[in-house]
Number of protein chains: 2
Amino acid sequence: MKITKFGGSSLASAQQFRKVFDIIKSDRDRKVVVVSAPGKRFSSDTKITDNLITLAKEVQTGQDIEKTLAVIKERYVGIIEDLGLKQEIKNQLEDNLKKMITASYSSNNQLLNTFKASGEDNNAQLVAAYFNENGLPAKYVSPEEAGLLVSAQDGHTRVLSETYANLERLTEVNECIIFPGFFGVSKENQRVTFSRGGSDITGAILAKGLKADLYENFTDVDAIFAANPQIVDQPQKINHLTYQEMRELSYAGFSVLHHEALRPAIMADIPIRVKNTNKPELPGTLISKTRSENNYHITGIASSRGFMSISIAKYLMNEEVGFGAKALNIMAEHNLSVEHVPTGIDEITLILRADQFKNEADEKELLQELQEKLNADKVYEEKELALLMIVGEGMISTVGTAAKAMASLAKAGINLKMIDQGSSEISMLFGIAASDENSAIAALYESFFKSKIPVEEK
Amino acid sequence: MKITKFGGSSLASAQQFRKVFDIIKSDRDRKVVVVSAPGKRFSSDTKITDNLITLAKEVQTGQDIEKTLAVIKERYVGIIEDLGLKQEIKNQLEDNLKKMITASYSSNNQLLNTFKASGEDNNAQLVAAYFNENGLPAKYVSPEEAGLLVSAQDGHTRVLSETYANLERLTEVNECIIFPGFFGVSKENQRVTFSRGGSDITGAILAKGLKADLYENFTDVDAIFAANPQIVDQPQKINHLTYQEMRELSYAGFSVLHHEALRPAIMADIPIRVKNTNKPELPGTLISKTRSENNYHITGIASSRGFMSISIAKYLMNEEVGFGAKALNIMAEHNLSVEHVPTGIDEITLILRADQFKNEADEKELLQELQEKLNADKVYEEKELALLMIVGEGMISTVGTAAKAMASLAKAGINLKMIDQGSSEISMLFGIAASDENSAIAALYESFFKSKIPVEEK
C-alpha cells in the first residue's frame, strides 16, 4: 500500500487534477492521497494559502474581505467548473467558506490556523468529489475523523504519539482516502497547521500510521538534483538517497521535501519516492535507509545563507572546565539556537542563524554579556556567512574527499572561514562568505560531478 | 635587562655549571638567573626532582631513606667538589637536607611540595656560591624573600597578582640574582610547586615583574623545530615564532617551553629566546608578539595523543535550543574538560583527553547519563585518537593551505576523523587515529617544508 501526496502545483488547476486522477487510477496500491492546497499555476500566480493568510488578517482587523474572498472562491469554482463537477460541490465549498468566516475564534492564532487549514481541507473535498464522479470510489477523511492529533509548543507543531494508533483504523476504509495535508487537531479539537510545506509531514505521518510500503511525494520536479539548478546548469538527478543524506541536504537548503517529513518515515523505515506529477513515467528519486554505492561518493552539494558567527577568545580557555558550557548556557538563556561550535585552543566560535536576533540592541547586549560573564579577552562577530555542505554516504571512508573539496574551493579563490567535519560521517561543512556561495557551489559541482573521475578508494 | 633561565640538563653537572657561568659572565644584561634542579647527565640518569619525590614518599610511609638521601647528596656534593667550592657550602647543603627531613609538616602534600622545591632551592644556593667564588657577585634570592606568591586551587598553582609589585623591589639588588625556579610561597608561607617543568613559569613571572627586555630560556636543543625530531629526520629550525603560534604548538605537543610560561610574557610583551646552553653561539628561536612573514605559511606541525571522542546523536538536535549547553553542562558536572566540539546536523561530538577518566565505571556512568538526560538516540565513543595541528600566522589568508594539508594527508592514506578550523586564524586541527600519527606528521612535513614550494597567495 502506498501513501501518495501531491504538492500545491500538482493541484493548482483542473488540468492538474486530471493528472492526479490518472496517477492514482493507474496503481491500485495508491490507497491514500494526501493533498495540498492549490498552488501556483504560473510563476506570478498566488498560492491559495497566501490568499487565506491575507483573508485571515482582514477578518482580524475588520477590513473589507470581499476582494480576497472572491479570489479564493474563483480558484476553487474555476476548478469545479472546468472539471464539470455537480453544483452541490460548489454549494458545499461556499458553505464551508461562509462558516469559516462567521465562526467565532478563541484567539487570532486559532483563526489564522483554521483559515490556513481550509486551503487543504476544501481541496481534499474537491478531489474526493472528482474521483467519485469519475468512477473511482473515494472518501474525504479529515484529521478530526482520523485522529491526527498534534500539540503546539513554542510555535512548533508536533504530532502526538497516539496519532499512529488512531490512524491504523483507516486501513478498514475501502474507498481511496483523500486526506488534507498541512494540519492536525489539538486535544482541544482545534486545527493546528504544521510549518509551511507541512503537507509532506502529513503524508509521512499517514505512511507510518498505516504502515505503508512506500510514501510517494509528487511535486513539479523530475527528481532531487545534486545541486541547486538555479546555480548549476542542468545538475545531475539523484536516483537514490539515504534518509540521512536527505536529512543533511535538507538542512542546508534542499527543500524538495520538508525536513520534518523524514522522521516518521525513518522511524517506520518507509521508503520515500519523489516524483513529478507532470512526468509520472520518470523514476524520480528514491529515499531509503541504505543504497548501493556510487562512484562519486558525493551525493549532493547544498548551501544555505543567513548565518553569522560570534567568536570568544580567552587565554588558557581550554584549561577552564566548563567554559564551553557557560558560553552555550548564555546563548540558551537568550533562546538562541547555536548550530556549530568550531573551537581553537583559546577561542570558541558560535555559528548561528542571524535571523534569531529581533533587533540590534539584543545582539549588543548578548555580546556584552558574553564578554562579562565569561571574563573573555575578546568577543567579536562576523556576519553574512553561508554554510556549504557536501553530503554522501561512505564519504568518510574515502580518503581524498576532503582534499578534493578543498582543492576545488581553493582553486576558485574561496576563503574558508570554518571547516567542520567529525560528527557526521556523511557530510562535511564549510563556512564561507555569503557572497562566495554561488562560485563555491559551482566549483564543487564541477569537481565532483562534471569531471566524473572517481576519487581514489582507500 | 635579561632574565636568564637554565633547565635541568643545563645544570646537571659541574661541567654544565661552568657553561652557565660563562654565559652569564659574557653579557652584563643577564642580571637575573633562574635555575632548575640538576637534571639528567645522560639518558639513563635520574633527575634530582624524581629522587626527591621518592624521598618524600619514603619519609611519609616511614620507609628507610638512607639510599635515596645518599643519591641526592652525592649529586650535589659531586658538583661542589668538582667545582672546588668551600666546605662551608657542603655543610650548608647537608644542613638544608637535614632540616627538610626532620621538619614537621601539616600535610603530606605540604611535605611533598617542600621536598620537590628543595631541588631548585639548593641548586640556586650552589650556583650563587660558585659565581661568588669566581668573582661574579651573586645573591641567592628565595621566593619567600622576593614575595613570589601563589595560590593552589584544584591542584593548579597560580601566581597571585601582588607578586609583580613585590618583584619590582629586586631591581634594587646590585649583585646577579640567583633565583630557584619551580615554586612560590602561599600566603600561609608554605612552598607550593608549579606543575613539572615549572621553572619556565618562574622565569616568565620574574621577566614580567622586573620588566625585562628579554627572557632567555636555556635548554639542551639548538632551537624549536618545525616538527618533532623523533618523527622527522633533522627538521627545520624555527627562527622566529609569535606568542600565539607558540601557544598553539605547545597545546599539541611542543614541550620545549612550559605552556603556562607564555602568559606572563605575553601580558608584559617580553620576547622570549630559547637557546642551547651547550651551543650558546647559536641564535636559537625568538618568540615575540609579531614577526615578518615567511614563505611557507606553516610554522610548525604538532601532534598529541591521548584523546578520545564521545558522539551524541539525536534527530532534529539542531532545532533544540540549548542542546549543546546541556551536553557540556553534564561534562562540566563530571569535572571533564572538553577540548573540541565538532557538530553535524543531528550529532555533536565531544573531544576530550582520555586520562580524565579515573576508571571505566565513571566513563560508563557518564555515557549513560548523557543518553538519558539528553534523551539521545545514540551515544558512542571512539578511543586512541591523536590531534594533529598545523600552525602559522597568516595561514587563514592563504587560500590553499587547507587543501594542501588535506591532499598530503590523503596521499598518505590518513583518514580524517575530525577537522576543526574556524576559531583560530592561525591553526587547523585534525583528529586522526593515534596509530596514524607518525605517518601524518611525516606527510605534512614533506608537503610544507621539504618541497619548499610556497603556496599560492590570495
# chains A, B, ... in the order shown; residues from 1 in each chain; ligands from 1
call {"tool": "interface_residues", "arguments": {"of": "chain B", "to": "chain A", "cutoff": "8 Å", "atoms": "only C-alpha atoms", "output": "PyMOL selection string"}}
result
chain B and resi 248+251+263+311+315+318-322+324-329+331-332+335-349+396-400+402-407+410-411+413-424+427+458
call {"tool": "residues_around", "arguments": {"residues": "Ser255 of chain B", "least_positions_apart": "6", "cutoff": "12 Å", "atoms": "only C-alpha atoms", "output": "PDB file with all heavy atoms, in the first residue's frame"}}
result
ATOM      1  N   ARG B 196      55.203  20.197  36.656  1.00  0.00           N
ATOM      2  CA  ARG B 196      56.535  19.781  36.231  1.00  0.00           C
ATOM      3  C   ARG B 196      57.034  20.668  35.084  1.00  0.00           C
ATOM      4  O   ARG B 196      56.267  20.977  34.170  1.00  0.00           O
ATOM      5  CB  ARG B 196      56.471  18.319  35.810  1.00  0.00           C
ATOM      6  CG  ARG B 196      57.693  17.469  36.065  1.00  0.00           C
ATOM      7  CD  ARG B 196      58.214  17.462  37.474  1.00  0.00           C
ATOM      8  NE  ARG B 196      59.605  16.995  37.508  1.00  0.00           N
ATOM      9  CZ  ARG B 196      59.958  15.719  37.624  1.00  0.00           C
ATOM     10  NH1 ARG B 196      59.049  14.796  37.763  1.00  0.00           N
ATOM     11  NH2 ARG B 196      61.242  15.392  37.618  1.00  0.00           N
ATOM     12  N   GLY B 197      58.292  21.054  35.128  1.00  0.00           N
ATOM     13  CA  GLY B 197      58.831  21.961  34.117  1.00  0.00           C
ATOM     14  C   GLY B 197      58.532  23.416  34.447  1.00  0.00           C
ATOM     15  O   GLY B 197      58.748  24.325  33.647  1.00  0.00           O
ATOM     16  N   GLY B 198      58.046  23.654  35.677  1.00  0.00           N
ATOM     17  CA  GLY B 198      57.548  24.970  36.052  1.00  0.00           C
ATOM     18  C   GLY B 198      58.605  26.047  36.271  1.00  0.00           C
ATOM     19  O   GLY B 198      58.247  27.201  36.512  1.00  0.00           O
ATOM     20  N   ASP B 200      60.250  27.277  34.016  1.00  0.00           N
ATOM     21  CA  ASP B 200      59.941  28.179  32.895  1.00  0.00           C
ATOM     22  C   ASP B 200      58.948  29.254  33.325  1.00  0.00           C
ATOM     23  O   ASP B 200      59.033  30.406  32.897  1.00  0.00           O
ATOM     24  CB  ASP B 200      59.287  27.396  31.744  1.00  0.00           C
ATOM     25  CG  ASP B 200      60.275  26.544  30.973  1.00  0.00           C
ATOM     26  OD1 ASP B 200      61.499  26.743  31.131  1.00  0.00           O
ATOM     27  OD2 ASP B 200      59.816  25.670  30.212  1.00  0.00           O
ATOM     28  N   THR B 219      68.205  25.725  27.230  1.00  0.00           N
ATOM     29  CA  THR B 219      67.863  24.313  27.371  1.00  0.00           C
ATOM     30  C   THR B 219      68.902  23.493  26.612  1.00  0.00           C
ATOM     31  O   THR B 219      70.031  23.964  26.449  1.00  0.00           O
ATOM     32  CB  THR B 219      66.409  24.103  26.882  1.00  0.00           C
ATOM     33  OG1 THR B 219      66.119  22.735  26.882  1.00  0.00           O
ATOM     34  CG2 THR B 219      66.174  24.687  25.493  1.00  0.00           C
ATOM     35  N   VAL B 221      68.415  22.062  23.450  1.00  0.00           N
ATOM     36  CA  VAL B 221      68.195  21.941  22.000  1.00  0.00           C
ATOM     37  C   VAL B 221      68.606  23.250  21.320  1.00  0.00           C
ATOM     38  O   VAL B 221      68.538  24.320  21.917  1.00  0.00           O
ATOM     39  CB  VAL B 221      66.719  21.618  21.648  1.00  0.00           C
ATOM     40  CG1 VAL B 221      66.346  20.212  22.088  1.00  0.00           C
ATOM     41  CG2 VAL B 221      65.763  22.641  22.244  1.00  0.00           C
ATOM     42  N   ILE B 224      63.691  25.632  18.528  1.00  0.00           N
ATOM     43  CA  ILE B 224      62.424  24.918  18.414  1.00  0.00           C
ATOM     44  C   ILE B 224      62.320  24.459  16.965  1.00  0.00           C
ATOM     45  O   ILE B 224      62.599  25.215  16.040  1.00  0.00           O
ATOM     46  CB  ILE B 224      61.247  25.841  18.797  1.00  0.00           C
ATOM     47  CG1 ILE B 224      61.358  26.191  20.291  1.00  0.00           C
ATOM     48  CG2 ILE B 224      59.910  25.188  18.488  1.00  0.00           C
ATOM     49  CD1 ILE B 224      60.364  27.222  20.775  1.00  0.00           C
ATOM     50  N   PHE B 225      61.969  23.193  16.792  1.00  0.00           N
ATOM     51  CA  PHE B 225      61.917  22.617  15.451  1.00  0.00           C
ATOM     52  C   PHE B 225      60.503  22.676  14.883  1.00  0.00           C
ATOM     53  O   PHE B 225      59.527  22.676  15.635  1.00  0.00           O
ATOM     54  CB  PHE B 225      62.411  21.171  15.476  1.00  0.00           C
ATOM     55  CG  PHE B 225      63.858  21.045  15.862  1.00  0.00           C
ATOM     56  CD1 PHE B 225      64.226  20.592  17.127  1.00  0.00           C
ATOM     57  CD2 PHE B 225      64.855  21.391  14.966  1.00  0.00           C
ATOM     58  CE1 PHE B 225      65.560  20.490  17.488  1.00  0.00           C
ATOM     59  CE2 PHE B 225      66.197  21.288  15.320  1.00  0.00           C
ATOM     60  CZ  PHE B 225      66.553  20.836  16.590  1.00  0.00           C
ATOM     61  N   ALA B 227      58.941  20.411  13.435  1.00  0.00           N
ATOM     62  CA  ALA B 227      58.209  19.166  13.712  1.00  0.00           C
ATOM     63  C   ALA B 227      59.041  18.346  14.686  1.00  0.00           C
ATOM     64  O   ALA B 227      60.242  18.594  14.860  1.00  0.00           O
ATOM     65  CB  ALA B 227      57.950  18.395  12.430  1.00  0.00           C
ATOM     66  N   ASN B 228      58.420  17.395  15.302  1.00  0.00           N
ATOM     67  CA  ASN B 228      59.089  16.553  16.296  1.00  0.00           C
ATOM     68  C   ASN B 228      60.288  15.809  15.682  1.00  0.00           C
ATOM     69  O   ASN B 228      60.113  14.995  14.775  1.00  0.00           O
ATOM     70  CB  ASN B 228      58.056  15.539  16.822  1.00  0.00           C
ATOM     71  CG  ASN B 228      58.600  14.710  17.965  1.00  0.00           C
ATOM     72  OD1 ASN B 228      59.800  14.676  18.211  1.00  0.00           O
ATOM     73  ND2 ASN B 228      57.687  14.052  18.668  1.00  0.00           N
ATOM     74  N   MET B 246      53.330  29.868  19.228  1.00  0.00           N
ATOM     75  CA  MET B 246      53.930  29.031  20.274  1.00  0.00           C
ATOM     76  C   MET B 246      52.850  28.424  21.144  1.00  0.00           C
ATOM     77  O   MET B 246      52.888  27.247  21.487  1.00  0.00           O
ATOM     78  CB  MET B 246      54.874  29.886  21.127  1.00  0.00           C
ATOM     79  CG  MET B 246      55.674  29.076  22.128  1.00  0.00           C
ATOM     80  SD  MET B 246      56.894  28.005  21.315  1.00  0.00           S
ATOM     81  CE  MET B 246      56.536  26.415  22.047  1.00  0.00           C
ATOM     82  N   ARG B 247      51.845  29.240  21.470  1.00  0.00           N
ATOM     83  CA  ARG B 247      50.747  28.767  22.304  1.00  0.00           C
ATOM     84  C   ARG B 247      50.033  27.581  21.644  1.00  0.00           C
ATOM     85  O   ARG B 247      49.755  26.575  22.277  1.00  0.00           O
ATOM     86  CB  ARG B 247      49.766  29.924  22.519  1.00  0.00           C
ATOM     87  CG  ARG B 247      48.417  29.549  23.058  1.00  0.00           C
ATOM     88  CD  ARG B 247      48.440  29.346  24.551  1.00  0.00           C
ATOM     89  NE  ARG B 247      47.147  28.880  25.031  1.00  0.00           N
ATOM     90  CZ  ARG B 247      46.939  27.701  25.595  1.00  0.00           C
ATOM     91  NH1 ARG B 247      47.946  26.870  25.791  1.00  0.00           N
ATOM     92  NH2 ARG B 247      45.759  27.345  26.000  1.00  0.00           N
ATOM     93  N   GLU B 248      49.780  27.713  20.354  1.00  0.00           N
ATOM     94  CA  GLU B 248      49.037  26.656  19.666  1.00  0.00           C
ATOM     95  C   GLU B 248      49.912  25.402  19.527  1.00  0.00           C
ATOM     96  O   GLU B 248      49.448  24.289  19.700  1.00  0.00           O
ATOM     97  CB  GLU B 248      48.559  27.136  18.289  1.00  0.00           C
ATOM     98  CG  GLU B 248      47.811  28.461  18.347  1.00  0.00           C
ATOM     99  CD  GLU B 248      46.330  28.378  17.998  1.00  0.00           C
ATOM    100  OE1 GLU B 248      45.899  27.364  17.447  1.00  0.00           O
ATOM    101  OE2 GLU B 248      45.601  29.340  18.304  1.00  0.00           O
ATOM    102  N   LEU B 249      51.183  25.619  19.201  1.00  0.00           N
ATOM    103  CA  LEU B 249      52.075  24.471  19.059  1.00  0.00           C
ATOM    104  C   LEU B 249      52.274  23.752  20.395  1.00  0.00           C
ATOM    105  O   LEU B 249      52.335  22.527  20.461  1.00  0.00           O
ATOM    106  CB  LEU B 249      53.427  24.907  18.486  1.00  0.00           C
ATOM    107  CG  LEU B 249      53.403  25.293  17.002  1.00  0.00           C
ATOM    108  CD1 LEU B 249      54.699  25.982  16.606  1.00  0.00           C
ATOM    109  CD2 LEU B 249      53.176  24.060  16.123  1.00  0.00           C
ATOM    110  N   ALA B 261      54.162  29.320  30.783  1.00  0.00           N
ATOM    111  CA  ALA B 261      55.192  30.362  30.858  1.00  0.00           C
ATOM    112  C   ALA B 261      54.915  31.492  29.874  1.00  0.00           C
ATOM    113  O   ALA B 261      55.481  32.577  29.968  1.00  0.00           O
ATOM    114  CB  ALA B 261      56.568  29.765  30.588  1.00  0.00           C
ATOM    115  N   VAL B 274      64.690  31.050  23.091  1.00  0.00           N
ATOM    116  CA  VAL B 274      65.077  29.698  23.500  1.00  0.00           C
ATOM    117  C   VAL B 274      66.470  29.436  22.940  1.00  0.00           C
ATOM    118  O   VAL B 274      66.709  29.627  21.748  1.00  0.00           O
ATOM    119  CB  VAL B 274      64.063  28.657  22.954  1.00  0.00           C
ATOM    120  CG1 VAL B 274      64.545  27.245  23.202  1.00  0.00           C
ATOM    121  CG2 VAL B 274      62.686  28.888  23.576  1.00  0.00           C
ATOM    122  N   ALA B 302      52.414  20.055  14.870  1.00  0.00           N
ATOM    123  CA  ALA B 302      52.469  19.415  16.183  1.00  0.00           C
ATOM    124  C   ALA B 302      51.438  18.306  16.263  1.00  0.00           C
ATOM    125  O   ALA B 302      50.514  18.242  15.458  1.00  0.00           O
ATOM    126  CB  ALA B 302      52.196  20.447  17.265  1.00  0.00           C
ATOM    127  N   SER B 303      51.603  17.439  17.229  1.00  0.00           N
ATOM    128  CA  SER B 303      50.584  16.411  17.436  1.00  0.00           C
ATOM    129  C   SER B 303      50.607  15.941  18.869  1.00  0.00           C
ATOM    130  O   SER B 303      51.604  16.066  19.566  1.00  0.00           O
ATOM    131  CB  SER B 303      50.813  15.228  16.504  1.00  0.00           C
ATOM    132  OG  SER B 303      52.010  14.585  16.854  1.00  0.00           O
ATOM    133  N   SER B 304      49.492  15.419  19.273  1.00  0.00           N
ATOM    134  CA  SER B 304      49.372  14.999  20.656  1.00  0.00           C
ATOM    135  C   SER B 304      48.414  13.823  20.745  1.00  0.00           C
ATOM    136  O   SER B 304      47.329  13.856  20.173  1.00  0.00           O
ATOM    137  CB  SER B 304      48.843  16.189  21.462  1.00  0.00           C
ATOM    138  OG  SER B 304      48.758  15.873  22.813  1.00  0.00           O
TER     139      SER B 304
END
call {"tool": "atom_distance", "arguments": {"atom1": "atom CA of Lys25 of chain A", "atom2": "atom CA of Gly39 of chain A"}}
result
22.5 Å
call {"tool": "residues_around", "arguments": {"residues": "Ile53 of chain B", "least_positions_apart": "4", "cutoff": "8 Å", "atoms": "only C-alpha atoms", "output": "number ranges by chain"}}
result
B: 49, 57, 112, 115-116
call {"tool": "write_last_selection", "arguments": {"atoms": "all heavy atoms", "output": "PDB file, in the first residue's frame"}}
result
ATOM      1  N   THR B  49      64.772  15.870  40.963  1.00  0.00           N
ATOM      2  CA  THR B  49      63.370  16.046  41.361  1.00  0.00           C
ATOM      3  C   THR B  49      62.691  14.691  41.575  1.00  0.00           C
ATOM      4  O   THR B  49      61.928  14.510  42.521  1.00  0.00           O
ATOM      5  CB  THR B  49      62.620  16.872  40.298  1.00  0.00           C
ATOM      6  OG1 THR B  49      63.324  18.099  40.112  1.00  0.00           O
ATOM      7  CG2 THR B  49      61.186  17.188  40.734  1.00  0.00           C
ATOM      8  N   LYS B  57      58.118  10.261  49.594  1.00  0.00           N
ATOM      9  CA  LYS B  57      57.214   9.121  49.825  1.00  0.00           C
ATOM     10  C   LYS B  57      57.776   8.200  50.901  1.00  0.00           C
ATOM     11  O   LYS B  57      57.024   7.654  51.718  1.00  0.00           O
ATOM     12  CB  LYS B  57      56.967   8.377  48.520  1.00  0.00           C
ATOM     13  CG  LYS B  57      55.999   9.212  47.672  1.00  0.00           C
ATOM     14  CD  LYS B  57      55.604   8.570  46.387  1.00  0.00           C
ATOM     15  CE  LYS B  57      54.694   9.551  45.620  1.00  0.00           C
ATOM     16  NZ  LYS B  57      54.746   9.319  44.181  1.00  0.00           N
ATOM     17  N   LEU B 112      55.479  16.992  50.422  1.00  0.00           N
ATOM     18  CA  LEU B 112      55.887  16.717  49.037  1.00  0.00           C
ATOM     19  C   LEU B 112      56.308  17.997  48.325  1.00  0.00           C
ATOM     20  O   LEU B 112      57.346  18.038  47.651  1.00  0.00           O
ATOM     21  CB  LEU B 112      54.730  16.028  48.289  1.00  0.00           C
ATOM     22  CG  LEU B 112      54.992  15.701  46.815  1.00  0.00           C
ATOM     23  CD1 LEU B 112      56.115  14.680  46.679  1.00  0.00           C
ATOM     24  CD2 LEU B 112      53.724  15.169  46.129  1.00  0.00           C
ATOM     25  N   PHE B 115      59.748  19.144  49.653  1.00  0.00           N
ATOM     26  CA  PHE B 115      60.834  18.279  49.158  1.00  0.00           C
ATOM     27  C   PHE B 115      61.132  18.591  47.697  1.00  0.00           C
ATOM     28  O   PHE B 115      62.283  18.752  47.302  1.00  0.00           O
ATOM     29  CB  PHE B 115      60.454  16.792  49.317  1.00  0.00           C
ATOM     30  CG  PHE B 115      60.764  16.220  50.682  1.00  0.00           C
ATOM     31  CD1 PHE B 115      60.362  16.868  51.846  1.00  0.00           C
ATOM     32  CD2 PHE B 115      61.463  15.018  50.815  1.00  0.00           C
ATOM     33  CE1 PHE B 115      60.632  16.339  53.105  1.00  0.00           C
ATOM     34  CE2 PHE B 115      61.753  14.483  52.064  1.00  0.00           C
ATOM     35  CZ  PHE B 115      61.338  15.138  53.211  1.00  0.00           C
ATOM     36  N   LYS B 116      60.097  18.657  46.900  1.00  0.00           N
ATOM     37  CA  LYS B 116      60.308  18.918  45.469  1.00  0.00           C
ATOM     38  C   LYS B 116      60.994  20.275  45.251  1.00  0.00           C
ATOM     39  O   LYS B 116      61.924  20.397  44.460  1.00  0.00           O
ATOM     40  CB  LYS B 116      58.961  18.905  44.716  1.00  0.00           C
ATOM     41  CG  LYS B 116      58.399  17.517  44.459  1.00  0.00           C
ATOM     42  CD  LYS B 116      57.328  17.521  43.356  1.00  0.00           C
ATOM     43  CE  LYS B 116      56.050  18.187  43.811  1.00  0.00           C
ATOM     44  NZ  LYS B 116      55.017  18.219  42.750  1.00  0.00           N
TER      45      LYS B 116
END
call {"tool": "atom_distance", "arguments": {"atom1": "atom CA of Thr61 of chain A", "atom2": "atom CA of Thr114 of chain A"}}
result
16.3 Å
call {"tool": "residues_around", "arguments": {"residues": "Asn96 of chain A", "least_positions_apart": "4", "cutoff": "9 Å", "atoms": "only C-alpha atoms", "output": "ChimeraX atom specification"}}
result
/A:91-92,100-101,118,122
call {"tool": "select_by_dssp", "arguments": {"residues": "segment 129-163 of chain A", "states": "strand (DSSP E or B)", "output": "ChimeraX atom specification"}}
result
/A:138-140,149-153,156-159
call {"tool": "select_by_dssp", "arguments": {"residues": "segment 154-263 of chain B", "states": "helix (DSSP H, G or I)", "output": "PyMOL selection string"}}
result
chain B and resi 162-172+199-209+243-251+259-263
call {"tool": "closest_residue", "arguments": {"among": "B:Ile205, B:Val77, B:Ala354, B:Ile177", "to": "Ser161 of chain B", "atoms": "only C-alpha atoms"}}
result
B:Ile205
call {"tool": "closest_residue", "arguments": {"among": "A:Leu210, A:Leu11, A:Ala165, A:Ala128", "to": "Leu149 of chain A", "atoms": "only C-alpha atoms"}}
result
A:Ala165
call {"tool": "residues_around", "arguments": {"residues": "Ala223 of chain A", "least_positions_apart": "5", "cutoff": "9 Å", "atoms": "only C-alpha atoms", "output": "NGL selection string"}}
result
:A and (237-239 or 256 or 274-276 or 282-286)
call {"tool": "write_last_selection", "arguments": {"atoms": "N, CA and C atoms", "output": "PDB file, in the first residue's frame"}}
result
ATOM      1  N   LYS A 237      20.548  14.381 -11.811  1.00  0.00           N
ATOM      2  CA  LYS A 237      19.473  13.896 -10.945  1.00  0.00           C
ATOM      3  C   LYS A 237      20.048  12.847  -9.996  1.00  0.00           C
ATOM      4  N   ILE A 238      19.540  12.846  -8.790  1.00  0.00           N
ATOM      5  CA  ILE A 238      19.952  11.802  -7.843  1.00  0.00           C
ATOM      6  C   ILE A 238      18.924  10.679  -7.920  1.00  0.00           C
ATOM      7  N   ASN A 239      19.366   9.466  -8.221  1.00  0.00           N
ATOM      8  CA  ASN A 239      18.432   8.342  -8.314  1.00  0.00           C
ATOM      9  C   ASN A 239      18.018   7.822  -6.946  1.00  0.00           C
ATOM     10  N   VAL A 256      13.078  20.245  -1.467  1.00  0.00           N
ATOM     11  CA  VAL A 256      12.069  19.474  -2.203  1.00  0.00           C
ATOM     12  C   VAL A 256      11.110  18.790  -1.231  1.00  0.00           C
ATOM     13  N   VAL A 274      10.266  10.614  -4.526  1.00  0.00           N
ATOM     14  CA  VAL A 274       9.882  11.941  -5.012  1.00  0.00           C
ATOM     15  C   VAL A 274       9.676  11.833  -6.523  1.00  0.00           C
ATOM     16  N   LYS A 275       8.488  12.245  -6.997  1.00  0.00           N
ATOM     17  CA  LYS A 275       8.182  12.107  -8.434  1.00  0.00           C
ATOM     18  C   LYS A 275       7.560  13.389  -8.986  1.00  0.00           C
ATOM     19  N   ASN A 276       7.517  13.477 -10.293  1.00  0.00           N
ATOM     20  CA  ASN A 276       6.945  14.644 -10.959  1.00  0.00           C
ATOM     21  C   ASN A 276       5.534  14.322 -11.470  1.00  0.00           C
ATOM     22  N   LEU A 282       8.725   9.112 -15.203  1.00  0.00           N
ATOM     23  CA  LEU A 282      10.124   9.191 -14.740  1.00  0.00           C
ATOM     24  C   LEU A 282      10.267   8.552 -13.360  1.00  0.00           C
ATOM     25  N   PRO A 283      11.429   7.964 -13.104  1.00  0.00           N
ATOM     26  CA  PRO A 283      11.587   7.254 -11.819  1.00  0.00           C
ATOM     27  C   PRO A 283      11.693   8.186 -10.610  1.00  0.00           C
ATOM     28  N   GLY A 284      12.080   9.442 -10.822  1.00  0.00           N
ATOM     29  CA  GLY A 284      12.238  10.357  -9.685  1.00  0.00           C
ATOM     30  C   GLY A 284      13.408   9.957  -8.798  1.00  0.00           C
ATOM     31  N   THR A 285      13.283  10.271  -7.519  1.00  0.00           N
ATOM     32  CA  THR A 285      14.363   9.972  -6.565  1.00  0.00           C
ATOM     33  C   THR A 285      13.817   9.128  -5.416  1.00  0.00           C
ATOM     34  N   LEU A 286      14.507   8.042  -5.151  1.00  0.00           N
ATOM     35  CA  LEU A 286      14.118   7.191  -4.026  1.00  0.00           C
ATOM     36  C   LEU A 286      14.939   7.566  -2.797  1.00  0.00           C
TER      37      LEU A 286
END
call {"tool": "atom_distance", "arguments": {"atom1": "atom CA of Lys5 of chain B", "atom2": "atom CA of Glu133 of chain B"}}
result
20.8 Å
call {"tool": "residues_around", "arguments": {"residues": "Arg28 of chain A", "least_positions_apart": "3", "cutoff": "12 Å", "atoms": "only C-alpha atoms", "output": "list in words"}}
result
Met1, Lys2, Ile3, Thr4, Phe21, Asp22, Ile23, Ile24, Lys25, Lys31, Val32, Val33, Leu136, Pro137, Asn174, Glu175 and Cys176 of chain A
call {"tool": "closest_residue", "arguments": {"among": "B:Lys208, B:His240, B:Lys364, B:Lys47", "to": "Lys289 of chain B", "atoms": "only C-alpha atoms"}}
result
B:His240
